[in-house]
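Here is the structure we will look at.
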Amino acid sequence: MHIESLKLTGFRNINQAHLDFDAAFNVFYGENAQGKTNVVEALYLCGMFQSFRTERRRELIGWDHEQALLECRYHSQGLAYRLGMALQGRERRLSMNGQNVERLKDVLGTMRLVLFTVEDTRITRGGPDERRRFMDRALFMGDPSFLETAQTYQRLLKQRNRLLKESYLFDPILDESLREQLAQSATQLVEQRLGFLHALEPLVKEGVRIISQGNEDVRLAYRSHPRLEWSSLDGFESEAYKQALQDKLAERVISDRERGFTGSGPHTDDLDVFINEVSARKFASQGQHRTVVLALKLAELDWITRQSGQQPVLFLDDLSSELDDLRRRRLFTHLGEVKGQVFLTSTDPHRDLISTGQPVRRFRVEAGQYHQED
């Protein structure tokens, strides 16, 4: 996976930019509020078709522009892609290799990426939805067919929730059918999450060991409703889980109708992270949160590479503020051995990248303008 270039017009504070990237490290540095993160956001938008900073498309368009235009060229699995995107008001138009894109699923997954931002410590310190989102996005990047699994479950869940809210038109026979379908779909979803976590855990352990120099150990545990009766991430019994969920849904029909939504299933599950056998969410220090989340991201990068046969692009936004000098040096020494494409925003790129041993292309950022260094 290699991103070759990016053209931007009217995106955020960028009037016009045409950037060619190195296959190894690309660094955008400068003072705060100059536009360093805007390039990372634009590239993420080209891969995931949504911003990681806002849900309002109008915020992506520069004040003096009626629309924002993006063009990204990249190679993935031996194929060349030229993605075009136009944002105007709330509308978005896409093209791939000069042809209009009608269905988003036809282009999702052609660019594989892993993103780390200052907000990602919410994975370990935030609510369960943050951890579910982490698992499901990683699963999609490793296997785009997971999108269908997740969408099928969400569709059935919405159908049942609508039925639960129709107090005068509630159909118990239809509800029984939806419970069976929901349990079947949920079983597939949970099985894929557990398979992912089982493969991820040793990779996270290794990442934490590298960054913390062996001072910290991590354990992952999946918390399910209904509760899984096994303590490890392997040994999942699909039929037992499906029956347990069906029983739980049947048992809670009355309470679910009173609340108007389904109270059990993978949409309520959680991922527990333990550092030295202590809950990270409850007791981890700020530095430990940063270390574990970064290790989760590096493990995600490794897992997607093994799963898909190609290494995703890694985006590290404002890492300088997230790690102390020692942990940062260990991280970049490790990244130098990975030999994939990395995009980094920083206030001091020379300090950050001194230990990589890889080619580095630097861009000085000032007021939305990008000056490539020789």
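By convention in this document, the chains of the structure tokens carry letters A, B, ... by their order, each chain's residues are numbered from 1, and ligands are numbered from 1 in the order they are shown.
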Nearby residues (only C-alpha atoms) at most 12 Å from Asn97 of chain A, same-chain spacing under 4 positions excluded, as a list in words: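 What passes the distance filter is Glu71, Cys72, Arg73, Tyr74, Leu79, Ala80, Tyr81, Arg82, Leu83, Gly84, Met85, Val101 and Val107 of chain A.
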Sorted per-residue table, segment 176-224 of chain A near segment 273-276 of chain A, closest atoms and distance, 8 Å, only C-alpha atoms, as a tab-separated table:
```
residue	atom	partner	partner_atom	distance
A:Glu216	CA	A:Asn276	CA	6.1
A:Asp217	CA	A:Asn276	CA	5.1
A:Val218	CA	A:Ile275	CA	4.7
A:Arg219	CA	A:Phe274	CA	5.1
A:Leu220	CA	A:Val273	CA	4.9
A:Ala221	CA	A:Val273	CA	6.6
```
Write out, as an mmCIF file, in the first residue's frame, the residues just selected, with N, CA, C and O atoms.
```cif
data_model
loop_
_atom_site.group_PDB
_atom_site.id
_atom_site.type_symbol
_atom_site.label_atom_id
_atom_site.label_comp_id
_atom_site.auth_asym_id
_atom_site.auth_seq_id
_atom_site.Cartn_x
_atom_site.Cartn_y
_atom_site.Cartn_z
ATOM 1 N N GLU A 216 5.723 -3.086 31.391
ATOM 2 C CA GLU A 216 4.280 -3.240 31.457
ATOM 3 C C GLU A 216 3.824 -4.431 30.618
ATOM 4 O O GLU A 216 4.414 -4.732 29.579
ATOM 5 N N ASP A 217 2.781 -5.093 31.093
ATOM 6 C CA ASP A 217 2.186 -6.217 30.374
ATOM 7 C C ASP A 217 0.697 -5.935 30.191
ATOM 8 O O ASP A 217 0.068 -5.295 31.035
ATOM 9 N N VAL A 218 0.140 -6.416 29.092
ATOM 10 C CA VAL A 218 -1.247 -6.127 28.754
ATOM 11 C C VAL A 218 -2.019 -7.419 28.557
ATOM 12 O O VAL A 218 -1.492 -8.396 28.027
ATOM 13 N N ARG A 219 -3.274 -7.396 28.979
ATOM 14 C CA ARG A 219 -4.185 -8.504 28.712
ATOM 15 C C ARG A 219 -5.506 -7.939 28.213
ATOM 16 O O ARG A 219 -5.980 -6.911 28.705
ATOM 17 N N LEU A 220 -6.095 -8.609 27.222
ATOM 18 C CA LEU A 220 -7.379 -8.194 26.665
ATOM 19 C C LEU A 220 -8.458 -9.196 27.064
ATOM 20 O O LEU A 220 -8.202 -10.394 27.124
ATOM 21 N N ALA A 221 -9.655 -8.703 27.336
ATOM 22 C CA ALA A 221 -10.784 -9.574 27.669
ATOM 23 C C ALA A 221 -12.038 -9.006 27.032
ATOM 24 O O ALA A 221 -12.285 -7.794 27.110
#
```
Among listed residues A:Phe28, A:Tyr44, A:Trp63, A:Phe196, nearest Pro312 of chain A (using only C-alpha atoms):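 Closest candidate: A:Tyr44.
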Length of the atom CA of Met135 of chain A to atom CA of Asp247 of chain A vector [Å]: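 Here the two named atoms are 25.9 Å from each other.
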Atom CA of Glu31 of chain A to atom CA of Glu366 of chain A, straight-line distance in Å: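 Taking atom CA of Glu366 of chain A as the start and atom CA of Glu31 of chain A as the end point, the length is 7.7 Å.
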Å distance separating atom CA of Leu147 of chain A from atom CA of Arg227 of chain A, one decimal place: 24.6 Å
Given only C-alpha atoms as the counted atoms, nearest of A:Thr268, A:Met111, A:Arg90, A:Ile14 to Glu130 of chain A: A:Thr268
10 Å contact set for Ala199 of chain A, only C-alpha atoms, chain neighbours under 3 positions out, as JSON, numbers by chain: {"A": [194, 195, 196, 202, 203, 204, 233, 234, 299, 300, 303]}
With C-alpha atoms retained, write the just-selected residues as a short mmCIF file (atom, residue, chain, number, x, y, z; two decimals), in the first residue's frame.
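Wrote selection_0.cif, looks like this:
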```cif
data_model
loop_
_atom_site.label_atom_id
_atom_site.label_comp_id
_atom_site.auth_asym_id
_atom_site.auth_seq_id
_atom_site.Cartn_x
_atom_site.Cartn_y
_atom_site.Cartn_z
CA LEU A 194 -13.03 -12.66 19.20
CA GLY A 195 -10.90 -14.09 16.40
CA PHE A 196 -9.46 -10.63 15.84
CA PRO A 202 0.20 -11.13 21.50
CA LEU A 203 0.92 -8.28 19.07
CA VAL A 204 -0.26 -5.72 21.63
CA LEU A 233 -10.25 -15.08 23.82
CA ASP A 234 -10.28 -18.49 22.19
CA ALA A 299 -0.84 -4.34 16.54
CA GLU A 300 -3.73 -3.36 14.26
CA TRP A 303 -2.75 -7.76 11.97
#
```
Filtered DSSP result for segment 88-172 of chain A, state alpha helix (DSSP H), as an MDAnalysis selection string: chainID A and resid 122:125 128:142 146:165 172
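For the choices A:Asp129, A:Arg209, A:Val365, A:Ser51, the atom-to-atom distance to His334 of chain A is smallest for A:Arg209 when using only C-alpha atoms.
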Residue nearest Arg57 of chain A - candidates A:Gly30, A:Gly263, A:Pro128, A:Gly89, atoms counted: only C-alpha atoms: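 Residue with the minimum atom-to-atom distance to Arg57 of chain A: A:Gly89.
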Pick from A:Gly368, A:Gly47, A:Gly127, A:Gly98 nearest to Phe11 of chain A, counting only C-alpha atoms: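 Comparing A:Gly368, A:Gly47, A:Gly127, A:Gly98 against Phe11 of chain A, the winner is A:Gly368.
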Selection: 10 Å around Arg193 of chain A, only C-alpha atoms, excl. self and same-chain fewer than 6 positions, as a ChimeraX atom specification: /A:132,135-136,138-139,146,187,222,233,266,271
Write to file, as a PDB file, in the first residue's frame, the residues of the selection just made, with all heavy atoms.
```pdb
ATOM      1  N   ARG A 132     -15.666  -0.670  20.824  1.00  0.00           N
ATOM      2  CA  ARG A 132     -16.359  -1.399  19.757  1.00  0.00           C
ATOM      3  C   ARG A 132     -15.995  -0.810  18.400  1.00  0.00           C
ATOM      4  O   ARG A 132     -15.783  -1.544  17.420  1.00  0.00           O
ATOM      5  CB  ARG A 132     -17.871  -1.354  19.973  1.00  0.00           C
ATOM      6  CG  ARG A 132     -18.356  -2.171  21.161  1.00  0.00           C
ATOM      7  CD  ARG A 132     -19.863  -2.335  21.128  1.00  0.00           C
ATOM      8  NE  ARG A 132     -20.572  -1.055  21.240  1.00  0.00           N
ATOM      9  CZ  ARG A 132     -20.974  -0.521  22.391  1.00  0.00           C
ATOM     10  NH1 ARG A 132     -20.743  -1.144  23.537  1.00  0.00           N
ATOM     11  NH2 ARG A 132     -21.629   0.637  22.399  1.00  0.00           N
ATOM     12  N   MET A 135     -12.520  -2.032  17.349  1.00  0.00           N
ATOM     13  CA  MET A 135     -12.529  -3.415  16.866  1.00  0.00           C
ATOM     14  C   MET A 135     -13.126  -3.517  15.463  1.00  0.00           C
ATOM     15  O   MET A 135     -12.557  -4.171  14.573  1.00  0.00           O
ATOM     16  CB  MET A 135     -13.320  -4.303  17.840  1.00  0.00           C
ATOM     17  CG  MET A 135     -12.626  -4.568  19.150  1.00  0.00           C
ATOM     18  SD  MET A 135     -13.526  -5.772  20.198  1.00  0.00           S
ATOM     19  CE  MET A 135     -14.905  -4.759  20.772  1.00  0.00           C
ATOM     20  N   ASP A 136     -14.257  -2.873  15.261  1.00  0.00           N
ATOM     21  CA  ASP A 136     -14.980  -3.041  14.002  1.00  0.00           C
ATOM     22  C   ASP A 136     -14.275  -2.351  12.843  1.00  0.00           C
ATOM     23  O   ASP A 136     -14.262  -2.860  11.711  1.00  0.00           O
ATOM     24  CB  ASP A 136     -16.414  -2.533  14.147  1.00  0.00           C
ATOM     25  CG  ASP A 136     -17.238  -3.394  15.104  1.00  0.00           C
ATOM     26  OD1 ASP A 136     -16.780  -4.503  15.440  1.00  0.00           O
ATOM     27  OD2 ASP A 136     -18.334  -2.963  15.516  1.00  0.00           O
ATOM     28  N   ALA A 138     -10.994  -1.911  12.613  1.00  0.00           N
ATOM     29  CA  ALA A 138      -9.830  -2.743  12.314  1.00  0.00           C
ATOM     30  C   ALA A 138     -10.243  -3.983  11.536  1.00  0.00           C
ATOM     31  O   ALA A 138      -9.575  -4.379  10.565  1.00  0.00           O
ATOM     32  CB  ALA A 138      -9.118  -3.135  13.607  1.00  0.00           C
ATOM     33  N   LEU A 139     -11.334  -4.606  11.936  1.00  0.00           N
ATOM     34  CA  LEU A 139     -11.825  -5.788  11.226  1.00  0.00           C
ATOM     35  C   LEU A 139     -12.158  -5.461   9.777  1.00  0.00           C
ATOM     36  O   LEU A 139     -11.844  -6.234   8.870  1.00  0.00           O
ATOM     37  CB  LEU A 139     -13.064  -6.342  11.936  1.00  0.00           C
ATOM     38  CG  LEU A 139     -12.787  -7.310  13.082  1.00  0.00           C
ATOM     39  CD1 LEU A 139     -14.014  -7.455  13.967  1.00  0.00           C
ATOM     40  CD2 LEU A 139     -12.349  -8.667  12.556  1.00  0.00           C
ATOM     41  N   PHE A 146     -16.235  -7.764   6.244  1.00  0.00           N
ATOM     42  CA  PHE A 146     -16.810  -7.587   7.576  1.00  0.00           C
ATOM     43  C   PHE A 146     -17.882  -6.511   7.567  1.00  0.00           C
ATOM     44  O   PHE A 146     -18.806  -6.540   8.404  1.00  0.00           O
ATOM     45  CB  PHE A 146     -15.719  -7.233   8.595  1.00  0.00           C
ATOM     46  CG  PHE A 146     -16.261  -6.927   9.973  1.00  0.00           C
ATOM     47  CD1 PHE A 146     -16.697  -7.951  10.806  1.00  0.00           C
ATOM     48  CD2 PHE A 146     -16.356  -5.618  10.426  1.00  0.00           C
ATOM     49  CE1 PHE A 146     -17.212  -7.671  12.070  1.00  0.00           C
ATOM     50  CE2 PHE A 146     -16.869  -5.329  11.679  1.00  0.00           C
ATOM     51  CZ  PHE A 146     -17.298  -6.367  12.505  1.00  0.00           C
ATOM     52  N   THR A 187     -23.973 -13.794  16.443  1.00  0.00           N
ATOM     53  CA  THR A 187     -22.981 -14.855  16.633  1.00  0.00           C
ATOM     54  C   THR A 187     -21.820 -14.694  15.660  1.00  0.00           C
ATOM     55  O   THR A 187     -20.641 -14.813  16.035  1.00  0.00           O
ATOM     56  CB  THR A 187     -23.628 -16.235  16.452  1.00  0.00           C
ATOM     57  OG1 THR A 187     -24.683 -16.379  17.410  1.00  0.00           O
ATOM     58  CG2 THR A 187     -22.613 -17.350  16.647  1.00  0.00           C
ATOM     59  N   TYR A 222     -12.824  -9.864  26.408  1.00  0.00           N
ATOM     60  CA  TYR A 222     -14.062  -9.439  25.753  1.00  0.00           C
ATOM     61  C   TYR A 222     -15.225  -9.639  26.715  1.00  0.00           C
ATOM     62  O   TYR A 222     -15.440 -10.745  27.216  1.00  0.00           O
ATOM     63  CB  TYR A 222     -14.281 -10.253  24.477  1.00  0.00           C
ATOM     64  CG  TYR A 222     -15.413  -9.749  23.608  1.00  0.00           C
ATOM     65  CD1 TYR A 222     -15.225  -8.675  22.749  1.00  0.00           C
ATOM     66  CD2 TYR A 222     -16.665 -10.356  23.629  1.00  0.00           C
ATOM     67  CE1 TYR A 222     -16.253  -8.208  21.947  1.00  0.00           C
ATOM     68  CE2 TYR A 222     -17.700  -9.904  22.826  1.00  0.00           C
ATOM     69  CZ  TYR A 222     -17.481  -8.822  21.988  1.00  0.00           C
ATOM     70  OH  TYR A 222     -18.504  -8.367  21.186  1.00  0.00           O
ATOM     71  N   LEU A 233      -9.692 -15.588  25.064  1.00  0.00           N
ATOM     72  CA  LEU A 233     -10.249 -15.079  23.821  1.00  0.00           C
ATOM     73  C   LEU A 233     -10.496 -16.178  22.802  1.00  0.00           C
ATOM     74  O   LEU A 233     -11.102 -15.944  21.760  1.00  0.00           O
ATOM     75  CB  LEU A 233      -9.302 -14.027  23.227  1.00  0.00           C
ATOM     76  CG  LEU A 233      -9.147 -12.749  24.064  1.00  0.00           C
ATOM     77  CD1 LEU A 233      -8.063 -11.864  23.480  1.00  0.00           C
ATOM     78  CD2 LEU A 233     -10.456 -11.991  24.158  1.00  0.00           C
ATOM     79  N   PRO A 266     -24.160  -7.771  20.750  1.00  0.00           N
ATOM     80  CA  PRO A 266     -22.813  -7.215  20.555  1.00  0.00           C
ATOM     81  C   PRO A 266     -22.768  -5.693  20.483  1.00  0.00           C
ATOM     82  O   PRO A 266     -21.687  -5.106  20.625  1.00  0.00           O
ATOM     83  CB  PRO A 266     -22.352  -7.847  19.233  1.00  0.00           C
ATOM     84  CG  PRO A 266     -23.566  -8.385  18.588  1.00  0.00           C
ATOM     85  CD  PRO A 266     -24.520  -8.719  19.681  1.00  0.00           C
ATOM     86  N   LEU A 271     -14.672  -4.201  25.408  1.00  0.00           N
ATOM     87  CA  LEU A 271     -13.326  -4.774  25.441  1.00  0.00           C
ATOM     88  C   LEU A 271     -12.626  -4.260  26.682  1.00  0.00           C
ATOM     89  O   LEU A 271     -12.444  -3.047  26.851  1.00  0.00           O
ATOM     90  CB  LEU A 271     -12.544  -4.353  24.186  1.00  0.00           C
ATOM     91  CG  LEU A 271     -11.031  -4.646  24.192  1.00  0.00           C
ATOM     92  CD1 LEU A 271     -10.771  -6.148  24.240  1.00  0.00           C
ATOM     93  CD2 LEU A 271     -10.372  -4.023  22.964  1.00  0.00           C
TER      94      LEU A 271
END
```
